[in-house]
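Quick look at protein28.txt (compact mmCIF, N, CA and C atoms):
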```txt
# COMPACT_ATOMS: atom_id res chain seq x y z
N MET A 943 -14.29 10.14 11.24
CA MET A 943 -13.11 10.47 10.47
C MET A 943 -13.43 11.68 9.61
N GLY A 944 -12.82 12.84 9.89
CA GLY A 944 -13.06 14.05 9.12
C GLY A 944 -12.38 13.97 7.77
N GLU A 945 -12.99 14.57 6.80
CA GLU A 945 -12.46 14.47 5.45
C GLU A 945 -11.06 15.03 5.30
N PRO A 946 -10.72 16.21 5.85
CA PRO A 946 -9.34 16.68 5.71
C PRO A 946 -8.33 15.71 6.30
N ALA A 947 -8.63 15.14 7.47
CA ALA A 947 -7.71 14.17 8.07
C ALA A 947 -7.63 12.92 7.20
N PHE A 948 -8.77 12.50 6.67
CA PHE A 948 -8.80 11.33 5.78
C PHE A 948 -7.90 11.56 4.58
N VAL A 949 -8.03 12.70 3.95
CA VAL A 949 -7.24 12.99 2.75
C VAL A 949 -5.76 13.06 3.08
N ARG A 950 -5.43 13.75 4.17
CA ARG A 950 -4.02 13.86 4.57
C ARG A 950 -3.42 12.49 4.87
N ASP A 951 -4.19 11.62 5.48
CA ASP A 951 -3.69 10.30 5.84
C ASP A 951 -3.69 9.34 4.66
N ALA A 952 -4.75 9.37 3.87
CA ALA A 952 -4.92 8.39 2.80
C ALA A 952 -4.14 8.71 1.54
N ALA A 953 -3.95 9.96 1.23
CA ALA A 953 -3.30 10.32 -0.03
C ALA A 953 -1.92 9.70 -0.21
N PRO A 954 -1.00 9.82 0.76
CA PRO A 954 0.31 9.20 0.58
C PRO A 954 0.23 7.67 0.50
N LEU A 955 -0.70 7.10 1.23
CA LEU A 955 -0.89 5.66 1.22
C LEU A 955 -1.28 5.18 -0.17
N PHE A 956 -2.30 5.79 -0.74
CA PHE A 956 -2.77 5.35 -2.05
C PHE A 956 -1.85 5.80 -3.18
N ALA A 957 -1.14 6.90 -2.99
CA ALA A 957 -0.13 7.31 -3.99
C ALA A 957 0.97 6.26 -4.05
N ALA A 958 1.39 5.77 -2.89
CA ALA A 958 2.43 4.74 -2.86
C ALA A 958 1.95 3.45 -3.51
N LEU A 959 0.70 3.11 -3.29
CA LEU A 959 0.14 1.89 -3.86
C LEU A 959 -0.18 2.03 -5.34
N GLY A 960 -0.23 3.26 -5.84
CA GLY A 960 -0.62 3.52 -7.22
C GLY A 960 0.45 3.25 -8.26
N ASP A 961 1.65 2.92 -7.84
CA ASP A 961 2.74 2.65 -8.77
C ASP A 961 2.89 1.14 -8.92
N ASP A 962 2.96 0.65 -10.16
CA ASP A 962 3.00 -0.80 -10.37
C ASP A 962 4.26 -1.46 -9.80
N THR A 963 5.40 -0.79 -9.86
CA THR A 963 6.63 -1.36 -9.30
C THR A 963 6.51 -1.48 -7.78
N ARG A 964 6.00 -0.44 -7.13
CA ARG A 964 5.84 -0.49 -5.69
C ARG A 964 4.81 -1.54 -5.28
N LEU A 965 3.75 -1.64 -6.06
CA LEU A 965 2.73 -2.65 -5.75
C LEU A 965 3.31 -4.06 -5.91
N ARG A 966 4.14 -4.27 -6.92
CA ARG A 966 4.80 -5.57 -7.09
C ARG A 966 5.73 -5.87 -5.91
N LEU A 967 6.50 -4.87 -5.49
CA LEU A 967 7.40 -5.05 -4.34
C LEU A 967 6.61 -5.41 -3.09
N LEU A 968 5.53 -4.70 -2.85
CA LEU A 968 4.69 -4.96 -1.68
C LEU A 968 4.07 -6.35 -1.75
N THR A 969 3.61 -6.73 -2.92
CA THR A 969 3.03 -8.05 -3.12
C THR A 969 4.07 -9.13 -2.86
N ARG A 970 5.26 -8.91 -3.36
CA ARG A 970 6.34 -9.90 -3.16
C ARG A 970 6.72 -10.01 -1.69
N LEU A 971 6.83 -8.88 -1.00
CA LEU A 971 7.14 -8.92 0.43
C LEU A 971 6.02 -9.61 1.21
N SER A 972 4.78 -9.40 0.79
CA SER A 972 3.64 -10.05 1.47
C SER A 972 3.68 -11.56 1.26
N ALA A 973 4.02 -11.98 0.06
CA ALA A 973 4.00 -13.40 -0.27
C ALA A 973 5.25 -14.13 0.23
N ASP A 974 6.40 -13.51 0.06
CA ASP A 974 7.68 -14.19 0.34
C ASP A 974 8.26 -13.88 1.71
N GLY A 975 7.72 -12.88 2.39
CA GLY A 975 8.26 -12.50 3.68
C GLY A 975 9.41 -11.50 3.54
N PRO A 976 10.05 -11.18 4.64
CA PRO A 976 11.12 -10.18 4.62
C PRO A 976 12.23 -10.52 3.62
N ARG A 977 12.70 -9.49 2.92
CA ARG A 977 13.71 -9.66 1.87
C ARG A 977 14.67 -8.49 1.89
N SER A 978 15.87 -8.75 1.39
CA SER A 978 16.85 -7.69 1.21
C SER A 978 16.62 -7.04 -0.15
N ILE A 979 17.24 -5.91 -0.35
CA ILE A 979 17.13 -5.22 -1.64
C ILE A 979 17.71 -6.09 -2.75
N VAL A 980 18.80 -6.78 -2.47
CA VAL A 980 19.41 -7.69 -3.47
C VAL A 980 18.39 -8.76 -3.86
N GLN A 981 17.72 -9.36 -2.89
CA GLN A 981 16.72 -10.38 -3.19
C GLN A 981 15.54 -9.81 -3.96
N LEU A 982 15.11 -8.61 -3.60
CA LEU A 982 13.97 -8.00 -4.29
C LEU A 982 14.31 -7.61 -5.72
N ALA A 983 15.53 -7.18 -5.95
CA ALA A 983 15.94 -6.78 -7.30
C ALA A 983 16.29 -7.98 -8.16
N ASP A 984 16.55 -9.12 -7.54
CA ASP A 984 17.02 -10.31 -8.25
C ASP A 984 16.09 -10.76 -9.37
N ARG A 985 14.82 -10.88 -9.10
CA ARG A 985 13.86 -11.35 -10.11
C ARG A 985 13.13 -10.19 -10.78
N SER A 986 13.77 -9.06 -10.82
CA SER A 986 13.11 -7.87 -11.33
C SER A 986 13.96 -7.22 -12.41
N LYS A 987 13.32 -6.46 -13.26
CA LYS A 987 14.04 -5.69 -14.27
C LYS A 987 14.46 -4.33 -13.72
N VAL A 988 14.17 -4.11 -12.45
CA VAL A 988 14.45 -2.83 -11.79
C VAL A 988 15.79 -2.94 -11.07
N THR A 989 16.58 -1.89 -11.14
CA THR A 989 17.88 -1.87 -10.48
C THR A 989 17.73 -1.83 -8.96
N ARG A 990 18.81 -2.18 -8.27
CA ARG A 990 18.78 -2.11 -6.81
C ARG A 990 18.54 -0.68 -6.33
N GLN A 991 19.11 0.29 -7.05
CA GLN A 991 18.90 1.69 -6.68
C GLN A 991 17.43 2.07 -6.82
N ALA A 992 16.80 1.62 -7.88
CA ALA A 992 15.38 1.92 -8.08
C ALA A 992 14.53 1.22 -7.03
N VAL A 993 14.87 -0.03 -6.72
CA VAL A 993 14.15 -0.76 -5.68
C VAL A 993 14.25 0.00 -4.36
N THR A 994 15.45 0.49 -4.04
CA THR A 994 15.65 1.25 -2.81
C THR A 994 14.76 2.48 -2.78
N LYS A 995 14.70 3.22 -3.88
CA LYS A 995 13.86 4.42 -3.93
C LYS A 995 12.38 4.08 -3.75
N HIS A 996 11.94 3.02 -4.39
CA HIS A 996 10.53 2.61 -4.25
C HIS A 996 10.23 2.16 -2.82
N LEU A 997 11.15 1.44 -2.21
CA LEU A 997 10.96 1.02 -0.83
C LEU A 997 10.90 2.21 0.12
N GLU A 998 11.67 3.23 -0.16
CA GLU A 998 11.63 4.44 0.67
C GLU A 998 10.27 5.13 0.58
N VAL A 999 9.67 5.12 -0.61
CA VAL A 999 8.32 5.68 -0.77
C VAL A 999 7.33 4.85 0.03
N LEU A 1000 7.45 3.53 -0.07
CA LEU A 1000 6.56 2.65 0.70
C LEU A 1000 6.76 2.84 2.20
N ARG A 1001 8.00 3.05 2.61
CA ARG A 1001 8.26 3.30 4.03
C ARG A 1001 7.64 4.63 4.45
N GLY A 1002 7.76 5.65 3.62
CA GLY A 1002 7.17 6.96 3.92
C GLY A 1002 5.66 6.89 4.08
N ALA A 1003 5.04 5.95 3.38
CA ALA A 1003 3.58 5.76 3.50
C ALA A 1003 3.23 4.81 4.64
N GLY A 1004 4.25 4.28 5.31
CA GLY A 1004 4.02 3.38 6.43
C GLY A 1004 3.69 1.96 6.04
N LEU A 1005 3.95 1.59 4.80
CA LEU A 1005 3.59 0.25 4.31
C LEU A 1005 4.67 -0.80 4.54
N VAL A 1006 5.91 -0.37 4.69
CA VAL A 1006 7.01 -1.29 4.95
C VAL A 1006 7.94 -0.69 6.01
N ARG A 1007 8.74 -1.54 6.59
CA ARG A 1007 9.78 -1.09 7.52
C ARG A 1007 11.02 -1.92 7.23
N SER A 1008 12.15 -1.45 7.73
CA SER A 1008 13.39 -2.17 7.51
C SER A 1008 14.17 -2.31 8.80
N SER A 1009 15.05 -3.28 8.81
CA SER A 1009 15.95 -3.48 9.93
C SER A 1009 17.29 -3.96 9.37
N ARG A 1010 18.32 -3.74 10.14
CA ARG A 1010 19.66 -4.17 9.73
C ARG A 1010 19.90 -5.61 10.15
N ARG A 1011 20.44 -6.37 9.24
CA ARG A 1011 20.92 -7.72 9.52
C ARG A 1011 22.32 -7.80 8.93
N GLY A 1012 23.30 -7.58 9.78
CA GLY A 1012 24.68 -7.52 9.29
C GLY A 1012 24.85 -6.30 8.41
N ARG A 1013 25.31 -6.51 7.20
CA ARG A 1013 25.53 -5.41 6.26
C ARG A 1013 24.29 -5.11 5.41
N GLU A 1014 23.29 -5.97 5.51
CA GLU A 1014 22.10 -5.81 4.68
C GLU A 1014 20.96 -5.15 5.46
N ARG A 1015 20.10 -4.50 4.70
CA ARG A 1015 18.86 -3.97 5.25
C ARG A 1015 17.75 -4.89 4.76
N ILE A 1016 16.98 -5.42 5.71
CA ILE A 1016 15.90 -6.35 5.40
C ILE A 1016 14.57 -5.59 5.50
N TRP A 1017 13.74 -5.75 4.47
CA TRP A 1017 12.47 -5.04 4.37
C TRP A 1017 11.32 -6.00 4.60
N GLU A 1018 10.28 -5.50 5.28
CA GLU A 1018 9.08 -6.30 5.51
C GLU A 1018 7.84 -5.41 5.50
N VAL A 1019 6.71 -6.04 5.24
CA VAL A 1019 5.43 -5.34 5.19
C VAL A 1019 5.01 -4.93 6.59
N THR A 1020 4.37 -3.78 6.68
CA THR A 1020 3.76 -3.31 7.91
C THR A 1020 2.25 -3.56 7.79
N PRO A 1021 1.77 -4.69 8.33
CA PRO A 1021 0.36 -5.07 8.10
C PRO A 1021 -0.65 -4.08 8.64
N GLN A 1022 -0.30 -3.34 9.70
CA GLN A 1022 -1.27 -2.40 10.28
C GLN A 1022 -1.67 -1.34 9.26
N ARG A 1023 -0.72 -0.86 8.48
CA ARG A 1023 -1.02 0.19 7.50
C ARG A 1023 -1.89 -0.36 6.37
N LEU A 1024 -1.69 -1.61 6.02
CA LEU A 1024 -2.57 -2.23 5.01
C LEU A 1024 -3.99 -2.33 5.54
N SER A 1025 -4.13 -2.56 6.83
CA SER A 1025 -5.47 -2.59 7.44
C SER A 1025 -6.13 -1.23 7.34
N VAL A 1026 -5.34 -0.17 7.50
CA VAL A 1026 -5.86 1.19 7.36
C VAL A 1026 -6.37 1.40 5.93
N ALA A 1027 -5.59 0.96 4.94
CA ALA A 1027 -6.00 1.09 3.53
C ALA A 1027 -7.31 0.35 3.30
N ARG A 1028 -7.40 -0.84 3.85
CA ARG A 1028 -8.64 -1.61 3.68
C ARG A 1028 -9.82 -0.90 4.33
N HIS A 1029 -9.60 -0.30 5.49
CA HIS A 1029 -10.66 0.44 6.18
C HIS A 1029 -11.17 1.58 5.28
N TYR A 1030 -10.24 2.33 4.68
CA TYR A 1030 -10.64 3.42 3.79
C TYR A 1030 -11.44 2.90 2.60
N LEU A 1031 -10.98 1.80 1.99
CA LEU A 1031 -11.68 1.24 0.84
C LEU A 1031 -13.06 0.71 1.23
N ASP A 1032 -13.15 0.08 2.40
CA ASP A 1032 -14.46 -0.40 2.88
C ASP A 1032 -15.42 0.77 3.11
N ASP A 1033 -14.89 1.87 3.66
CA ASP A 1033 -15.70 3.05 3.91
C ASP A 1033 -16.22 3.65 2.59
N ILE A 1034 -15.35 3.73 1.61
CA ILE A 1034 -15.74 4.26 0.29
C ILE A 1034 -16.78 3.33 -0.35
N ALA A 1035 -16.56 2.03 -0.26
CA ALA A 1035 -17.52 1.07 -0.83
C ALA A 1035 -18.89 1.20 -0.17
N ARG A 1036 -18.88 1.38 1.16
CA ARG A 1036 -20.14 1.56 1.89
C ARG A 1036 -20.87 2.82 1.43
N GLN A 1037 -20.13 3.90 1.21
CA GLN A 1037 -20.75 5.15 0.73
C GLN A 1037 -21.36 4.95 -0.65
N TRP A 1038 -20.67 4.22 -1.54
CA TRP A 1038 -21.20 3.96 -2.87
C TRP A 1038 -22.47 3.11 -2.79
N GLU A 1039 -22.44 2.09 -1.93
CA GLU A 1039 -23.62 1.24 -1.77
C GLU A 1039 -24.81 2.04 -1.27
N ASP A 1040 -24.57 2.93 -0.31
CA ASP A 1040 -25.65 3.79 0.20
C ASP A 1040 -26.20 4.69 -0.91
N ALA A 1041 -25.30 5.26 -1.71
CA ALA A 1041 -25.74 6.14 -2.80
C ALA A 1041 -26.55 5.35 -3.83
N LEU A 1042 -26.11 4.15 -4.15
CA LEU A 1042 -26.85 3.33 -5.11
C LEU A 1042 -28.21 2.90 -4.56
N ASP A 1043 -28.26 2.61 -3.26
CA ASP A 1043 -29.54 2.27 -2.63
C ASP A 1043 -30.51 3.45 -2.70
N ARG A 1044 -30.01 4.66 -2.45
CA ARG A 1044 -30.85 5.86 -2.53
C ARG A 1044 -31.33 6.07 -3.96
N LEU A 1045 -30.45 5.87 -4.93
CA LEU A 1045 -30.82 6.04 -6.34
C LEU A 1045 -31.88 5.00 -6.72
N LYS A 1046 -31.70 3.76 -6.29
CA LYS A 1046 -32.67 2.72 -6.60
C LYS A 1046 -34.04 3.06 -6.00
N ALA A 1047 -34.05 3.50 -4.75
CA ALA A 1047 -35.31 3.88 -4.10
C ALA A 1047 -35.97 5.04 -4.84
N PHE A 1048 -35.19 6.01 -5.29
CA PHE A 1048 -35.74 7.14 -6.02
C PHE A 1048 -36.35 6.70 -7.35
N VAL A 1049 -35.64 5.84 -8.07
CA VAL A 1049 -36.11 5.37 -9.39
C VAL A 1049 -37.37 4.53 -9.23
N GLU A 1050 -37.45 3.76 -8.19
CA GLU A 1050 -38.60 2.87 -7.99
C GLU A 1050 -39.83 3.61 -7.50
N GLN A 1051 -39.70 4.89 -7.08
CA GLN A 1051 -40.87 5.65 -6.60
C GLN A 1051 -41.77 6.04 -7.71
```
Show me the file's structure as structure tokens.
Amino acid sequence: MGEPAFVRDAAPLFAALGDDTRLRLLTRLSADGPRSIVQLADRSKVTRQAVTKHLEVLRGAGLVRSSRRGRERIWEVTPQRLSVARHYLDDIARQWEDALDRLKAFVEQ
């Protein structure tokens, strides 16, 4: 995985996850399953319009998708993209562990 490709791919993903409202929406969709905007805004202090905008950001990052059910749009998590995020975080953690191991070996010499 080349760094420029990593940055281009990961930046929108982590930017979308970096907002607390979007993270709450994603968490709720993960826990409760597919929901409409009305259902997502129901237990929230955020308006339906704001929920829609946040969901569009999450969709742009590939974290959620929607489908029509009658007059409503139903939103659900895209688990594959979350797996990509986990892969990036695991890779970063591995790099930190390697760096700490090298530092420990250097200090112990």
| query | With distances taken over only C-alpha atoms, which of A:Ala952, A:Val1019, A:Ala1035, A:Leu967 is nearest to Lys995 of chain A? | reply | A:Leu967
Among chain A, which residues does DSSP mark as alpha helix (DSSP H) when it is run on the backbone? Keep the chain and numbering as in the structure and answer as a short mmCIF file (atom, residue, chain, number, x, y, z; two decimals) with N, CA and C atoms, in the frame of the given file.
```cif
data_model
loop_
_atom_site.label_atom_id
_atom_site.label_comp_id
_atom_site.auth_asym_id
_atom_site.auth_seq_id
_atom_site.Cartn_x
_atom_site.Cartn_y
_atom_site.Cartn_z
N GLU A 945 -12.99 14.57 6.80
CA GLU A 945 -12.46 14.47 5.45
C GLU A 945 -11.06 15.03 5.30
N PRO A 946 -10.72 16.21 5.85
CA PRO A 946 -9.34 16.68 5.71
C PRO A 946 -8.33 15.71 6.30
N ALA A 947 -8.63 15.14 7.47
CA ALA A 947 -7.71 14.17 8.07
C ALA A 947 -7.63 12.92 7.20
N PHE A 948 -8.77 12.50 6.67
CA PHE A 948 -8.80 11.33 5.78
C PHE A 948 -7.90 11.56 4.58
N VAL A 949 -8.03 12.70 3.95
CA VAL A 949 -7.24 12.99 2.75
C VAL A 949 -5.76 13.06 3.08
N ARG A 950 -5.43 13.75 4.17
CA ARG A 950 -4.02 13.86 4.57
C ARG A 950 -3.42 12.49 4.87
N ASP A 951 -4.19 11.62 5.48
CA ASP A 951 -3.69 10.30 5.84
C ASP A 951 -3.69 9.34 4.66
N ALA A 952 -4.75 9.37 3.87
CA ALA A 952 -4.92 8.39 2.80
C ALA A 952 -4.14 8.71 1.54
N ALA A 953 -3.95 9.96 1.23
CA ALA A 953 -3.30 10.32 -0.03
C ALA A 953 -1.92 9.70 -0.21
N PRO A 954 -1.00 9.82 0.76
CA PRO A 954 0.31 9.20 0.58
C PRO A 954 0.23 7.67 0.50
N LEU A 955 -0.70 7.10 1.23
CA LEU A 955 -0.89 5.66 1.22
C LEU A 955 -1.28 5.18 -0.17
N PHE A 956 -2.30 5.79 -0.74
CA PHE A 956 -2.77 5.35 -2.05
C PHE A 956 -1.85 5.80 -3.18
N ALA A 957 -1.14 6.90 -2.99
CA ALA A 957 -0.13 7.31 -3.99
C ALA A 957 0.97 6.26 -4.05
N ALA A 958 1.39 5.77 -2.89
CA ALA A 958 2.43 4.74 -2.86
C ALA A 958 1.95 3.45 -3.51
N LEU A 959 0.70 3.11 -3.29
CA LEU A 959 0.14 1.89 -3.86
C LEU A 959 -0.18 2.03 -5.34
N ASP A 962 2.96 0.65 -10.16
CA ASP A 962 3.00 -0.80 -10.37
C ASP A 962 4.26 -1.46 -9.80
N THR A 963 5.40 -0.79 -9.86
CA THR A 963 6.63 -1.36 -9.30
C THR A 963 6.51 -1.48 -7.78
N ARG A 964 6.00 -0.44 -7.13
CA ARG A 964 5.84 -0.49 -5.69
C ARG A 964 4.81 -1.54 -5.28
N LEU A 965 3.75 -1.64 -6.06
CA LEU A 965 2.73 -2.65 -5.75
C LEU A 965 3.31 -4.06 -5.91
N ARG A 966 4.14 -4.27 -6.92
CA ARG A 966 4.80 -5.57 -7.09
C ARG A 966 5.73 -5.87 -5.91
N LEU A 967 6.50 -4.87 -5.49
CA LEU A 967 7.40 -5.05 -4.34
C LEU A 967 6.61 -5.41 -3.09
N LEU A 968 5.53 -4.70 -2.85
CA LEU A 968 4.69 -4.96 -1.68
C LEU A 968 4.07 -6.35 -1.75
N THR A 969 3.61 -6.73 -2.92
CA THR A 969 3.03 -8.05 -3.12
C THR A 969 4.07 -9.13 -2.86
N ARG A 970 5.26 -8.91 -3.36
CA ARG A 970 6.34 -9.90 -3.16
C ARG A 970 6.72 -10.01 -1.69
N LEU A 971 6.83 -8.88 -1.00
CA LEU A 971 7.14 -8.92 0.43
C LEU A 971 6.02 -9.61 1.21
N SER A 972 4.78 -9.40 0.79
CA SER A 972 3.64 -10.05 1.47
C SER A 972 3.68 -11.56 1.26
N ALA A 973 4.02 -11.98 0.06
CA ALA A 973 4.00 -13.40 -0.27
C ALA A 973 5.25 -14.13 0.23
N ASP A 974 6.40 -13.51 0.06
CA ASP A 974 7.68 -14.19 0.34
C ASP A 974 8.26 -13.88 1.71
N ILE A 979 17.24 -5.91 -0.35
CA ILE A 979 17.13 -5.22 -1.64
C ILE A 979 17.71 -6.09 -2.75
N VAL A 980 18.80 -6.78 -2.47
CA VAL A 980 19.41 -7.69 -3.47
C VAL A 980 18.39 -8.76 -3.86
N GLN A 981 17.72 -9.36 -2.89
CA GLN A 981 16.72 -10.38 -3.19
C GLN A 981 15.54 -9.81 -3.96
N LEU A 982 15.11 -8.61 -3.60
CA LEU A 982 13.97 -8.00 -4.29
C LEU A 982 14.31 -7.61 -5.72
N ALA A 983 15.53 -7.18 -5.95
CA ALA A 983 15.94 -6.78 -7.30
C ALA A 983 16.29 -7.98 -8.16
N ASP A 984 16.55 -9.12 -7.54
CA ASP A 984 17.02 -10.31 -8.25
C ASP A 984 16.09 -10.76 -9.37
N ARG A 990 18.81 -2.18 -8.27
CA ARG A 990 18.78 -2.11 -6.81
C ARG A 990 18.54 -0.68 -6.33
N GLN A 991 19.11 0.29 -7.05
CA GLN A 991 18.90 1.69 -6.68
C GLN A 991 17.43 2.07 -6.82
N ALA A 992 16.80 1.62 -7.88
CA ALA A 992 15.38 1.92 -8.08
C ALA A 992 14.53 1.22 -7.03
N VAL A 993 14.87 -0.03 -6.72
CA VAL A 993 14.15 -0.76 -5.68
C VAL A 993 14.25 0.00 -4.36
N THR A 994 15.45 0.49 -4.04
CA THR A 994 15.65 1.25 -2.81
C THR A 994 14.76 2.48 -2.78
N LYS A 995 14.70 3.22 -3.88
CA LYS A 995 13.86 4.42 -3.93
C LYS A 995 12.38 4.08 -3.75
N HIS A 996 11.94 3.02 -4.39
CA HIS A 996 10.53 2.61 -4.25
C HIS A 996 10.23 2.16 -2.82
N LEU A 997 11.15 1.44 -2.21
CA LEU A 997 10.96 1.02 -0.83
C LEU A 997 10.90 2.21 0.12
N GLU A 998 11.67 3.23 -0.16
CA GLU A 998 11.63 4.44 0.67
C GLU A 998 10.27 5.13 0.58
N VAL A 999 9.67 5.12 -0.61
CA VAL A 999 8.32 5.68 -0.77
C VAL A 999 7.33 4.85 0.03
N LEU A 1000 7.45 3.53 -0.07
CA LEU A 1000 6.56 2.65 0.70
C LEU A 1000 6.76 2.84 2.20
N ARG A 1001 8.00 3.05 2.61
CA ARG A 1001 8.26 3.30 4.03
C ARG A 1001 7.64 4.63 4.45
N GLY A 1002 7.76 5.65 3.62
CA GLY A 1002 7.17 6.96 3.92
C GLY A 1002 5.66 6.89 4.08
N PRO A 1021 1.77 -4.69 8.33
CA PRO A 1021 0.36 -5.07 8.10
C PRO A 1021 -0.65 -4.08 8.64
N GLN A 1022 -0.30 -3.34 9.70
CA GLN A 1022 -1.27 -2.40 10.28
C GLN A 1022 -1.67 -1.34 9.26
N ARG A 1023 -0.72 -0.86 8.48
CA ARG A 1023 -1.02 0.19 7.50
C ARG A 1023 -1.89 -0.36 6.37
N LEU A 1024 -1.69 -1.61 6.02
CA LEU A 1024 -2.57 -2.23 5.01
C LEU A 1024 -3.99 -2.33 5.54
N SER A 1025 -4.13 -2.56 6.83
CA SER A 1025 -5.47 -2.59 7.44
C SER A 1025 -6.13 -1.23 7.34
N VAL A 1026 -5.34 -0.17 7.50
CA VAL A 1026 -5.86 1.19 7.36
C VAL A 1026 -6.37 1.40 5.93
N ALA A 1027 -5.59 0.96 4.94
CA ALA A 1027 -6.00 1.09 3.53
C ALA A 1027 -7.31 0.35 3.30
N ARG A 1028 -7.40 -0.84 3.85
CA ARG A 1028 -8.64 -1.61 3.68
C ARG A 1028 -9.82 -0.90 4.33
N HIS A 1029 -9.60 -0.30 5.49
CA HIS A 1029 -10.66 0.44 6.18
C HIS A 1029 -11.17 1.58 5.28
N TYR A 1030 -10.24 2.33 4.68
CA TYR A 1030 -10.64 3.42 3.79
C TYR A 1030 -11.44 2.90 2.60
N LEU A 1031 -10.98 1.80 1.99
CA LEU A 1031 -11.68 1.24 0.84
C LEU A 1031 -13.06 0.71 1.23
N ASP A 1032 -13.15 0.08 2.40
CA ASP A 1032 -14.46 -0.40 2.88
C ASP A 1032 -15.42 0.77 3.11
N ASP A 1033 -14.89 1.87 3.66
CA ASP A 1033 -15.70 3.05 3.91
C ASP A 1033 -16.22 3.65 2.59
N ILE A 1034 -15.35 3.73 1.61
CA ILE A 1034 -15.74 4.26 0.29
C ILE A 1034 -16.78 3.33 -0.35
N ALA A 1035 -16.56 2.03 -0.26
CA ALA A 1035 -17.52 1.07 -0.83
C ALA A 1035 -18.89 1.20 -0.17
N ARG A 1036 -18.88 1.38 1.16
CA ARG A 1036 -20.14 1.56 1.89
C ARG A 1036 -20.87 2.82 1.43
N GLN A 1037 -20.13 3.90 1.21
CA GLN A 1037 -20.75 5.15 0.73
C GLN A 1037 -21.36 4.95 -0.65
N TRP A 1038 -20.67 4.22 -1.54
CA TRP A 1038 -21.20 3.96 -2.87
C TRP A 1038 -22.47 3.11 -2.79
N GLU A 1039 -22.44 2.09 -1.93
CA GLU A 1039 -23.62 1.24 -1.77
C GLU A 1039 -24.81 2.04 -1.27
N ASP A 1040 -24.57 2.93 -0.31
CA ASP A 1040 -25.65 3.79 0.20
C ASP A 1040 -26.20 4.69 -0.91
N ALA A 1041 -25.30 5.26 -1.71
CA ALA A 1041 -25.74 6.14 -2.80
C ALA A 1041 -26.55 5.35 -3.83
N LEU A 1042 -26.11 4.15 -4.15
CA LEU A 1042 -26.85 3.33 -5.11
C LEU A 1042 -28.21 2.90 -4.56
N ASP A 1043 -28.26 2.61 -3.26
CA ASP A 1043 -29.54 2.27 -2.63
C ASP A 1043 -30.51 3.45 -2.70
N ARG A 1044 -30.01 4.66 -2.45
CA ARG A 1044 -30.85 5.86 -2.53
C ARG A 1044 -31.33 6.07 -3.96
N LEU A 1045 -30.45 5.87 -4.93
CA LEU A 1045 -30.82 6.04 -6.34
C LEU A 1045 -31.88 5.00 -6.72
N LYS A 1046 -31.70 3.76 -6.29
CA LYS A 1046 -32.67 2.72 -6.60
C LYS A 1046 -34.04 3.06 -6.00
N ALA A 1047 -34.05 3.50 -4.75
CA ALA A 1047 -35.31 3.88 -4.10
C ALA A 1047 -35.97 5.04 -4.84
N PHE A 1048 -35.19 6.01 -5.29
CA PHE A 1048 -35.74 7.14 -6.02
C PHE A 1048 -36.35 6.70 -7.35
N VAL A 1049 -35.64 5.84 -8.07
CA VAL A 1049 -36.11 5.37 -9.39
C VAL A 1049 -37.37 4.53 -9.23
N GLU A 1050 -37.45 3.76 -8.19
CA GLU A 1050 -38.60 2.87 -7.99
C GLU A 1050 -39.83 3.61 -7.50
#
```
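Closest approach to Arg1023 of chain A from the set A:Ala1003, A:Ala957, A:Ala1041, A:Val980 is made by A:Ala1003, with distances taken over only N, CA and C atoms.
Computed from the coordinates, the atom C of Ala958 of chain A to atom N of Gln1022 of chain A distance equals 15.0 Å.
Nearest residue to Ala992 of chain A among A:Ser978, A:Gln1037, A:Thr963, A:Ser1025 is A:Thr963, counting only C-alpha atoms.
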| request: List the neighbours of Thr969 of chain A out to 12 Å using only C-alpha atoms; skip same-chain residues closer than 3 positions along the sequence, and give me the result as JSON, numbers by chain. | output: {"A": [959, 962, 963, 964, 965, 966, 972, 973, 974, 975, 976, 977, 982, 1000, 1005, 1006, 1018, 1019, 1021, 1024]}
| query | atom CA of Thr1020 of chain A and atom CA of Leu971 of chain A are how many Å apart? | reply |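 Calculated distance between atom CA of Thr1020 of chain A and atom CA of Leu971 of chain A is 9.9 Å.
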| So how many Å separate atom N of Lys987 of chain A and atom CA of Gly1004 of chain A, to one decimal? |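 These two atoms are separated by 23.9 Å.
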| chain A: residues DSSP assigns to strand (DSSP E or B), reported as a PyMOL selection string | chain A and resi 977-978+1006-1011+1014-1019
Output for the residues just chosen: N, CA and C atoms as a compact mmCIF listing (two decimals), in the frame of the given file:
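Result went into part-v7.txt, see below:
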```
# COMPACT_ATOMS: atom_id res chain seq x y z
N ARG A 977 12.70 -9.49 2.92
CA ARG A 977 13.71 -9.66 1.87
C ARG A 977 14.67 -8.49 1.89
N SER A 978 15.87 -8.75 1.39
CA SER A 978 16.85 -7.69 1.21
C SER A 978 16.62 -7.04 -0.15
N VAL A 1006 5.91 -0.37 4.69
CA VAL A 1006 7.01 -1.29 4.95
C VAL A 1006 7.94 -0.69 6.01
N ARG A 1007 8.74 -1.54 6.59
CA ARG A 1007 9.78 -1.09 7.52
C ARG A 1007 11.02 -1.92 7.23
N SER A 1008 12.15 -1.45 7.73
CA SER A 1008 13.39 -2.17 7.51
C SER A 1008 14.17 -2.31 8.80
N SER A 1009 15.05 -3.28 8.81
CA SER A 1009 15.95 -3.48 9.93
C SER A 1009 17.29 -3.96 9.37
N ARG A 1010 18.32 -3.74 10.14
CA ARG A 1010 19.66 -4.17 9.73
C ARG A 1010 19.90 -5.61 10.15
N ARG A 1011 20.44 -6.37 9.24
CA ARG A 1011 20.92 -7.72 9.52
C ARG A 1011 22.32 -7.80 8.93
N GLU A 1014 23.29 -5.97 5.51
CA GLU A 1014 22.10 -5.81 4.68
C GLU A 1014 20.96 -5.15 5.46
N ARG A 1015 20.10 -4.50 4.70
CA ARG A 1015 18.86 -3.97 5.25
C ARG A 1015 17.75 -4.89 4.76
N ILE A 1016 16.98 -5.42 5.71
CA ILE A 1016 15.90 -6.35 5.40
C ILE A 1016 14.57 -5.59 5.50
N TRP A 1017 13.74 -5.75 4.47
CA TRP A 1017 12.47 -5.04 4.37
C TRP A 1017 11.32 -6.00 4.60
N GLU A 1018 10.28 -5.50 5.28
CA GLU A 1018 9.08 -6.30 5.51
C GLU A 1018 7.84 -5.41 5.50
N VAL A 1019 6.71 -6.04 5.24
CA VAL A 1019 5.43 -5.34 5.19
C VAL A 1019 5.01 -4.93 6.59
```
